[in-house]
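Asker: Please find query20.pdb (PDB, C-alpha atoms) on the next line:
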```pdb
ATOM      1  CA  MET A   1      71.636 146.434 151.241
ATOM      2  CA  LYS A   2      70.835 145.711 154.859
ATOM      3  CA  VAL A   3      72.195 147.997 157.582
ATOM      4  CA  LYS A   4      73.066 147.419 161.238
ATOM      5  CA  ILE A   5      73.498 150.368 163.586
ATOM      6  CA  CYS A   6      75.558 149.176 166.554
ATOM      7  CA  GLY A   7      76.179 150.617 169.990
ATOM      8  CA  ILE A   8      72.739 152.115 170.528
ATOM      9  CA  THR A   9      72.271 153.316 174.113
ATOM     10  CA  ASP A  10      69.044 155.349 174.199
ATOM     11  CA  VAL A  11      65.430 155.008 173.086
ATOM     12  CA  GLU A  12      65.349 158.068 170.818
ATOM     13  CA  THR A  13      68.302 156.880 168.731
ATOM     14  CA  GLY A  14      67.084 153.297 168.531
ATOM     15  CA  VAL A  15      63.611 154.311 167.381
ATOM     16  CA  ALA A  16      64.996 156.841 164.889
ATOM     17  CA  ALA A  17      67.440 154.327 163.399
ATOM     18  CA  ALA A  18      64.595 151.871 162.820
ATOM     19  CA  GLN A  19      62.448 154.607 161.266
ATOM     20  CA  TYR A  20      65.293 155.546 158.918
ATOM     21  CA  GLY A  21      65.401 151.945 157.714
ATOM     22  CA  ALA A  22      67.927 150.122 159.891
ATOM     23  CA  ASP A  23      67.486 146.351 159.568
ATOM     24  CA  ALA A  24      69.399 145.570 162.765
ATOM     25  CA  ILE A  25      70.221 147.337 166.016
ATOM     26  CA  GLY A  26      73.246 146.298 168.064
ATOM     27  CA  PHE A  27      73.471 146.415 171.854
ATOM     28  CA  VAL A  28      76.900 146.053 173.472
ATOM     29  CA  PHE A  29      76.987 143.997 176.669
ATOM     30  CA  ALA A  30      80.794 143.793 176.742
ATOM     31  CA  GLU A  31      83.445 146.251 177.946
ATOM     32  CA  SER A  32      82.969 149.336 175.783
ATOM     33  CA  LYS A  33      82.212 153.036 176.003
ATOM     34  CA  ARG A  34      78.881 152.017 174.451
ATOM     35  CA  ARG A  35      78.074 149.324 177.003
ATOM     36  CA  ILE A  36      74.374 149.179 177.879
ATOM     37  CA  SER A  37      72.456 147.917 180.901
ATOM     38  CA  ILE A  38      69.870 145.156 180.696
ATOM     39  CA  GLU A  39      67.157 147.583 181.794
ATOM     40  CA  LYS A  40      67.967 150.180 179.140
ATOM     41  CA  ALA A  41      68.282 147.588 176.368
ATOM     42  CA  ARG A  42      64.896 146.133 177.312
ATOM     43  CA  GLU A  43      63.368 149.630 177.218
ATOM     44  CA  ILE A  44      64.745 150.337 173.731
ATOM     45  CA  ILE A  45      63.852 146.929 172.284
ATOM     46  CA  ALA A  46      60.250 147.326 173.448
ATOM     47  CA  LYS A  47      59.960 150.332 171.111
ATOM     48  CA  ILE A  48      61.633 148.801 168.030
ATOM     49  CA  PRO A  49      59.588 147.056 165.303
ATOM     50  CA  LYS A  50      59.405 143.272 165.472
ATOM     51  CA  GLU A  51      61.108 142.702 162.106
ATOM     52  CA  VAL A  52      64.279 144.573 163.116
ATOM     53  CA  PHE A  53      67.105 142.302 164.342
ATOM     54  CA  LYS A  54      68.024 142.959 167.991
ATOM     55  CA  ILE A  55      71.636 141.863 168.279
ATOM     56  CA  GLY A  56      73.511 141.488 171.562
ATOM     57  CA  VAL A  57      77.298 141.856 171.377
ATOM     58  CA  PHE A  58      79.291 139.715 173.822
ATOM     59  CA  VAL A  59      83.012 139.094 174.388
ATOM     60  CA  ASN A  60      84.046 135.846 176.103
ATOM     61  CA  GLU A  61      80.876 135.838 178.200
ATOM     62  CA  THR A  62      79.454 132.737 179.859
ATOM     63  CA  LYS A  63      76.633 130.886 178.136
ATOM     64  CA  ALA A  64      74.439 131.354 181.214
ATOM     65  CA  ASN A  65      74.867 135.129 181.155
ATOM     66  CA  ILE A  66      74.303 135.379 177.399
ATOM     67  CA  GLU A  67      71.101 133.351 177.587
ATOM     68  CA  ARG A  68      69.901 135.268 180.657
ATOM     69  CA  ILE A  69      70.448 138.660 179.026
ATOM     70  CA  ALA A  70      69.008 137.558 175.681
ATOM     71  CA  SER A  71      65.829 136.369 177.356
ATOM     72  CA  ALA A  72      65.531 139.388 179.644
ATOM     73  CA  VAL A  73      65.798 142.032 176.915
ATOM     74  CA  GLY A  74      64.363 140.214 173.880
ATOM     75  CA  LEU A  75      67.383 139.675 171.651
ATOM     76  CA  THR A  76      66.960 137.927 168.301
ATOM     77  CA  HIS A  77      70.678 137.293 167.561
ATOM     78  CA  ILE A  78      73.912 136.780 169.510
ATOM     79  CA  GLN A  79      77.137 138.381 168.251
ATOM     80  CA  LEU A  80      80.271 136.673 169.562
ATOM     81  CA  HIS A  81      83.203 139.073 169.473
ATOM     82  CA  GLY A  82      85.770 137.146 171.509
ATOM     83  CA  ASP A  83      87.566 133.809 171.462
ATOM     84  CA  GLU A  84      84.457 131.652 171.629
ATOM     85  CA  THR A  85      84.735 128.083 170.359
ATOM     86  CA  ALA A  86      82.673 126.341 167.712
ATOM     87  CA  SER A  87      81.001 124.137 170.324
ATOM     88  CA  PHE A  88      80.124 127.205 172.388
ATOM     89  CA  SER A  89      78.494 128.816 169.352
ATOM     90  CA  GLU A  90      76.522 125.666 168.600
ATOM     91  CA  SER A  91      75.227 125.518 172.181
ATOM     92  CA  LEU A  92      73.441 128.880 172.026
ATOM     93  CA  SER A  93      69.696 129.057 171.537
ATOM     94  CA  LEU A  94      69.620 132.026 169.123
ATOM     95  CA  PRO A  95      71.199 132.611 165.684
ATOM     96  CA  VAL A  96      74.887 133.484 165.995
ATOM     97  CA  ILE A  97      76.992 136.169 164.334
ATOM     98  CA  LYS A  98      80.702 135.379 164.707
ATOM     99  CA  SER A  99      83.077 138.314 164.476
ATOM    100  CA  ILE A 100      86.362 137.790 162.651
ATOM    101  CA  SER A 101      89.166 140.344 162.592
ATOM    102  CA  PHE A 102      90.577 140.358 159.071
ATOM    103  CA  GLN A 103      94.267 139.498 159.299
ATOM    104  CA  GLY A 104      94.730 137.915 155.896
ATOM    105  CA  ASN A 105      92.972 135.313 153.801
ATOM    106  CA  GLU A 106      94.504 132.313 155.571
ATOM    107  CA  SER A 107      92.761 133.119 158.839
ATOM    108  CA  LEU A 108      89.609 134.027 156.930
ATOM    109  CA  GLU A 109      89.604 130.652 155.185
ATOM    110  CA  ALA A 110      90.102 128.874 158.517
ATOM    111  CA  SER A 111      87.022 130.589 159.883
ATOM    112  CA  GLY A 112      84.834 129.284 157.075
ATOM    113  CA  ASP A 113      83.885 126.155 159.015
ATOM    114  CA  PHE A 114      82.849 128.024 162.150
ATOM    115  CA  PRO A 115      79.236 127.168 162.970
ATOM    116  CA  SER A 116      77.412 130.487 162.793
ATOM    117  CA  ASP A 117      74.551 132.013 160.853
ATOM    118  CA  PHE A 118      76.585 135.084 159.872
ATOM    119  CA  ILE A 119      80.251 136.108 159.749
ATOM    120  CA  LEU A 120      81.036 139.672 160.808
ATOM    121  CA  LEU A 121      84.185 140.746 158.974
ATOM    122  CA  ASP A 122      85.868 143.436 161.061
ATOM    123  CA  SER A 123      89.146 145.333 161.318
ATOM    124  CA  PRO A 124      91.992 143.967 163.440
ATOM    125  CA  LYS A 125      91.409 144.402 167.177
ATOM    126  CA  GLY A 126      92.118 147.730 168.882
ATOM    127  CA  LYS A 127      91.484 148.785 172.467
ATOM    128  CA  TYR A 128      88.092 147.078 172.299
ATOM    129  CA  ARG A 129      87.023 144.029 170.295
ATOM    130  CA  GLY A 130      85.210 146.223 167.784
ATOM    131  CA  GLY A 131      83.857 149.731 167.449
ATOM    132  CA  ASN A 132      87.352 151.136 167.006
ATOM    133  CA  GLY A 133      86.551 153.022 163.820
ATOM    134  CA  THR A 134      89.443 151.660 161.784
ATOM    135  CA  VAL A 135      89.267 150.469 158.174
ATOM    136  CA  PHE A 136      91.063 147.456 156.718
ATOM    137  CA  ASN A 137      91.996 146.987 153.056
ATOM    138  CA  TRP A 138      88.866 145.497 151.472
ATOM    139  CA  ASN A 139      90.763 144.731 148.259
ATOM    140  CA  GLU A 140      92.913 142.196 150.133
ATOM    141  CA  VAL A 141      89.899 139.995 150.874
ATOM    142  CA  ASN A 142      89.609 136.960 148.603
ATOM    143  CA  PRO A 143      85.970 137.161 147.445
ATOM    144  CA  HIS A 144      85.842 133.388 146.875
ATOM    145  CA  LEU A 145      86.231 132.841 150.627
ATOM    146  CA  ILE A 146      83.082 134.790 151.470
ATOM    147  CA  ASN A 147      80.833 134.097 148.483
ATOM    148  CA  SER A 148      78.738 131.483 150.246
ATOM    149  CA  GLN A 149      78.755 133.210 153.646
ATOM    150  CA  LYS A 150      76.246 135.664 154.985
ATOM    151  CA  VAL A 151      78.840 138.363 155.588
ATOM    152  CA  ILE A 152      78.277 141.470 157.689
ATOM    153  CA  LEU A 153      80.979 144.051 156.950
ATOM    154  CA  ALA A 154      82.205 146.276 159.785
ATOM    155  CA  GLY A 155      85.260 148.358 160.600
ATOM    156  CA  GLY A 156      85.565 152.089 160.030
ATOM    157  CA  LEU A 157      82.551 152.462 157.781
ATOM    158  CA  HIS A 158      80.899 155.872 157.319
ATOM    159  CA  ALA A 159      78.739 157.620 154.718
ATOM    160  CA  ASP A 160      81.721 158.569 152.544
ATOM    161  CA  ASN A 161      83.208 155.080 152.157
ATOM    162  CA  VAL A 162      80.280 152.664 152.531
ATOM    163  CA  GLU A 163      79.474 152.720 148.805
ATOM    164  CA  GLU A 164      83.002 151.634 147.880
ATOM    165  CA  ALA A 165      83.013 148.984 150.624
ATOM    166  CA  ILE A 166      79.749 147.480 149.380
ATOM    167  CA  LYS A 167      80.945 147.362 145.780
ATOM    168  CA  ILE A 168      84.178 145.570 146.732
ATOM    169  CA  ILE A 169      82.965 143.121 149.411
ATOM    170  CA  ARG A 170      79.294 142.795 148.372
ATOM    171  CA  PRO A 171      78.203 141.847 151.893
ATOM    172  CA  TYR A 172      74.823 140.756 153.151
ATOM    173  CA  MET A 173      74.796 143.682 155.598
ATOM    174  CA  VAL A 174      76.977 146.638 156.631
ATOM    175  CA  ASP A 175      77.573 147.461 160.295
ATOM    176  CA  VAL A 176      78.417 150.931 161.616
ATOM    177  CA  SER A 177      78.991 152.397 165.072
ATOM    178  CA  SER A 178      81.621 155.145 165.442
ATOM    179  CA  GLY A 179      81.081 156.197 161.820
ATOM    180  CA  VAL A 180      77.689 157.642 162.730
ATOM    181  CA  GLU A 181      78.848 159.474 165.842
ATOM    182  CA  THR A 182      79.836 163.052 166.604
ATOM    183  CA  ALA A 183      82.040 163.622 169.640
ATOM    184  CA  GLY A 184      81.414 160.050 170.774
ATOM    185  CA  LYS A 185      77.616 160.177 170.605
ATOM    186  CA  LYS A 186      75.265 158.807 167.974
ATOM    187  CA  ASP A 187      74.304 161.513 165.468
ATOM    188  CA  LEU A 188      70.813 161.073 163.997
ATOM    189  CA  ARG A 189      71.656 162.940 160.810
ATOM    190  CA  LYS A 190      74.721 160.773 160.224
ATOM    191  CA  ILE A 191      72.669 157.628 160.862
ATOM    192  CA  GLN A 192      70.054 158.694 158.327
ATOM    193  CA  THR A 193      72.672 159.629 155.720
ATOM    194  CA  PHE A 194      74.573 156.365 156.192
ATOM    195  CA  ILE A 195      71.430 154.246 155.819
ATOM    196  CA  GLU A 196      70.319 156.143 152.724
ATOM    197  CA  LYS A 197      73.761 155.842 151.116
ATOM    198  CA  ALA A 198      74.082 152.119 151.875
ATOM    199  CA  LYS A 199      70.596 151.245 150.676
ATOM    200  CA  SER A 200      71.007 153.191 147.425
ATOM    201  CA  THR A 201      74.208 151.352 146.470
ATOM    202  CA  PRO A 202      73.580 148.592 143.928
ATOM    203  CA  VAL A 203      75.123 145.209 144.702
ATOM    204  CA  GLY A 204      75.913 143.028 141.699
ATOM    205  CA  ARG A 205      76.657 139.334 141.978
TER
END
```
Do you think you could lay out the structure here as structure tokens?

Answerer:
Amino acid sequence: MKVKICGITDVETGVAAAQYGADAIGFVFAESKRRISIEKAREIIAKIPKEVFKIGVFVNETKANIERIASAVGLTHIQLHGDETASFSESLSLPVIKSISFQGNESLEASGDFPSDFILLDSPKGKYRGGNGTVFNWNEVNPHLINSQKVILAGGLHADNVEEAIKIIRPYMVDVSSGVETAGKKDLRKIQTFIEKAKSTPVGR
């Protein structure tokens, strides 16, 4: 099972997450308590192994700004977490992850034609467009709607529920942010435990 640690804001945590086995690191360039500057993101990415995905999270940002930031810091993927259109997604130069708030299978089915390389299945929106630490009911998801998708599962995951989430959804990757924090800051021990738990969970197809 692949793991994404999102909302990284300092070099020590980014490097440690990669050493623990994270397959992807997320950098938030949208309104968030985890928002990062271009300079800091560039500094962290310079220290992360080449094979690790460097994912920039954007909400209703202009194409020009997304492309400028991606080039400046060295992103490998763009995560769209707003109301971006299909044509907007297709116009971007890097692989796209499109975030979808799970609000029932009808809306999930409608998103199946969205042109993106991955679908990020998240909880319904809270104060921010993600990173709110809330879980949705994984058993409500129709598995036939996501079988052919490269699904990244997010929303309230932590070391104590990630095994169950993986067994029910069987995603391509799991994505965690607040679930590996203590008092609002990334906790290295929690990151290590989460990665170990996720990667040790068998995924049957």

Asker: As an exercise, work out the distance from CA of Ile69 in chain A to CA of Ile55 in chain A in Å and give it to one decimal place.

Answerer: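 Those two atoms sit 11.3 Å apart.
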
Asker: Can you give me, as a ChimeraX atom specification, the residues this file yields under the PyMOL selection byres ((chain A and resi 81-86) around 7)?

Answerer: /A:57-60,79-80,87-90,98-99,114-115,129

Asker: Would you output that residue set with C-alpha atoms, as a PDB file, in the coordinates of the input?

Answerer:
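Result saved to out.pdb:
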```
ATOM      1  CA  VAL A  57      77.298 141.856 171.377  1.00  0.00           C
ATOM      2  CA  PHE A  58      79.291 139.715 173.822  1.00  0.00           C
ATOM      3  CA  VAL A  59      83.012 139.094 174.388  1.00  0.00           C
ATOM      4  CA  ASN A  60      84.046 135.846 176.103  1.00  0.00           C
ATOM      5  CA  GLN A  79      77.137 138.381 168.251  1.00  0.00           C
ATOM      6  CA  LEU A  80      80.271 136.673 169.562  1.00  0.00           C
ATOM      7  CA  SER A  87      81.001 124.137 170.324  1.00  0.00           C
ATOM      8  CA  PHE A  88      80.124 127.205 172.388  1.00  0.00           C
ATOM      9  CA  SER A  89      78.494 128.816 169.352  1.00  0.00           C
ATOM     10  CA  GLU A  90      76.522 125.666 168.600  1.00  0.00           C
ATOM     11  CA  LYS A  98      80.702 135.379 164.707  1.00  0.00           C
ATOM     12  CA  SER A  99      83.077 138.314 164.476  1.00  0.00           C
ATOM     13  CA  PHE A 114      82.849 128.024 162.150  1.00  0.00           C
ATOM     14  CA  PRO A 115      79.236 127.168 162.970  1.00  0.00           C
ATOM     15  CA  ARG A 129      87.023 144.029 170.295  1.00  0.00           C
TER      16      ARG A 129
END
```

Asker: Compare A:Gln103, A:Ser91, A:Lys2, A:Thr201 by their minimum atom-to-atom distance to Lys150 in chain A, counting only C-alpha atoms, and give me the closest one.

Answerer: A:Lys2

Asker: Skip range 33-48 of chain A itself and residues of its chain fewer than 5 positions away, then list as a PyMOL selection string all residues within 7 Å of it, counting only C-alpha atoms.

Answerer: chain A and resi 7+9-11+14-15+18+27-28+69+73-74

Asker: For Asn161 in chain A, please output as an MDAnalysis selection string all residues within 10 Å (counting only C-alpha atoms; exclusion window: fewer than 4 positions along the same chain).

Answerer: chainID A and resid 135 156:157 165:166 179 194 197:198

Asker: Just so the selection is clear, what residues does the PyMOL selection byres ((chain A and resi 143) around 12) cover here, as a list in words?

Answerer: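 That selection, the PyMOL selection byres ((chain A and resi 143) around 12), comes back as Asn105, Leu108, Glu109, Trp138, Asn139, Glu140, Val141, Asn142, His144, Leu145, Ile146, Asn147, Ser148, Gln149, Val151, Lys167, Ile168, Ile169, Arg170, Pro171 and Arg205 of chain A.
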
Asker: Would you write out, as a list of chain:residue names, every residue that the PyMOL selection byres ((chain A and resi 177) around 10) captures in this file?

Answerer: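 What the PyMOL selection byres ((chain A and resi 177) around 10) grabs from the file is A:Lys4, A:Ile5, A:Cys6, A:Gly7, A:Ile8, A:Gly26, A:Arg34, A:Gly130, A:Gly131, A:Asn132, A:Gly133, A:Ala154, A:Gly155, A:Gly156, A:Leu157, A:His158, A:Asp175, A:Val176, A:Ser178, A:Gly179, A:Val180, A:Glu181, A:Gly184, A:Lys185, A:Lys186, A:Ile191.
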
Asker: For C-alpha atoms, I'd like the residues from the last selection saved as a PDB file, in the frame of the given file.

Answerer:
```pdb
ATOM      1  CA  LYS A   4      73.066 147.419 161.238  1.00  0.00           C
ATOM      2  CA  ILE A   5      73.498 150.368 163.586  1.00  0.00           C
ATOM      3  CA  CYS A   6      75.558 149.176 166.554  1.00  0.00           C
ATOM      4  CA  GLY A   7      76.179 150.617 169.990  1.00  0.00           C
ATOM      5  CA  ILE A   8      72.739 152.115 170.528  1.00  0.00           C
ATOM      6  CA  GLY A  26      73.246 146.298 168.064  1.00  0.00           C
ATOM      7  CA  ARG A  34      78.881 152.017 174.451  1.00  0.00           C
ATOM      8  CA  GLY A 130      85.210 146.223 167.784  1.00  0.00           C
ATOM      9  CA  GLY A 131      83.857 149.731 167.449  1.00  0.00           C
ATOM     10  CA  ASN A 132      87.352 151.136 167.006  1.00  0.00           C
ATOM     11  CA  GLY A 133      86.551 153.022 163.820  1.00  0.00           C
ATOM     12  CA  ALA A 154      82.205 146.276 159.785  1.00  0.00           C
ATOM     13  CA  GLY A 155      85.260 148.358 160.600  1.00  0.00           C
ATOM     14  CA  GLY A 156      85.565 152.089 160.030  1.00  0.00           C
ATOM     15  CA  LEU A 157      82.551 152.462 157.781  1.00  0.00           C
ATOM     16  CA  HIS A 158      80.899 155.872 157.319  1.00  0.00           C
ATOM     17  CA  ASP A 175      77.573 147.461 160.295  1.00  0.00           C
ATOM     18  CA  VAL A 176      78.417 150.931 161.616  1.00  0.00           C
ATOM     19  CA  SER A 178      81.621 155.145 165.442  1.00  0.00           C
ATOM     20  CA  GLY A 179      81.081 156.197 161.820  1.00  0.00           C
ATOM     21  CA  VAL A 180      77.689 157.642 162.730  1.00  0.00           C
ATOM     22  CA  GLU A 181      78.848 159.474 165.842  1.00  0.00           C
ATOM     23  CA  GLY A 184      81.414 160.050 170.774  1.00  0.00           C
ATOM     24  CA  LYS A 185      77.616 160.177 170.605  1.00  0.00           C
ATOM     25  CA  LYS A 186      75.265 158.807 167.974  1.00  0.00           C
ATOM     26  CA  ILE A 191      72.669 157.628 160.862  1.00  0.00           C
TER      27      ILE A 191
END
```

Asker: Which is closer to Ala24 in chain A than all the others in A:Asp122, A:Glu51, A:Asp117, A:Asp187, using only C-alpha atoms?

Answerer: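 When distances to Ala24 in chain A are compared using only C-alpha atoms, the smallest one comes from A:Glu51.
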
Asker: How many Å lie between CA of Glu31 in chain A and CA of Lys63 in chain A, rounded to one decimal?

Answerer: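 Distance reported for this atom pair: 16.8 Å.
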
Asker: Just give me the gap between CA of Leu75 in chain A and CA of Lys190 in chain A in Å, one decimal is fine.

Answerer: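 Answer for the CA of Leu75 in chain A to CA of Lys190 in chain A separation: 25.1 Å.
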
Asker: Given all atoms listed in the file as the basis, pick out the residue of A:Ala17, A:Met1, A:Leu94, A:Leu121 nearest to Ala70 in chain A.

Answerer: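 With all atoms listed in the file as the atom set, the closest residue is A:Leu94.
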
Asker: If we count only C-alpha atoms and set the cut-off at 6 Å, which residues sit around Val174 in chain A, ignoring sequence neighbours fewer than 6 positions away in its own chain? Please answer as a count of residues only.

Answerer: 3
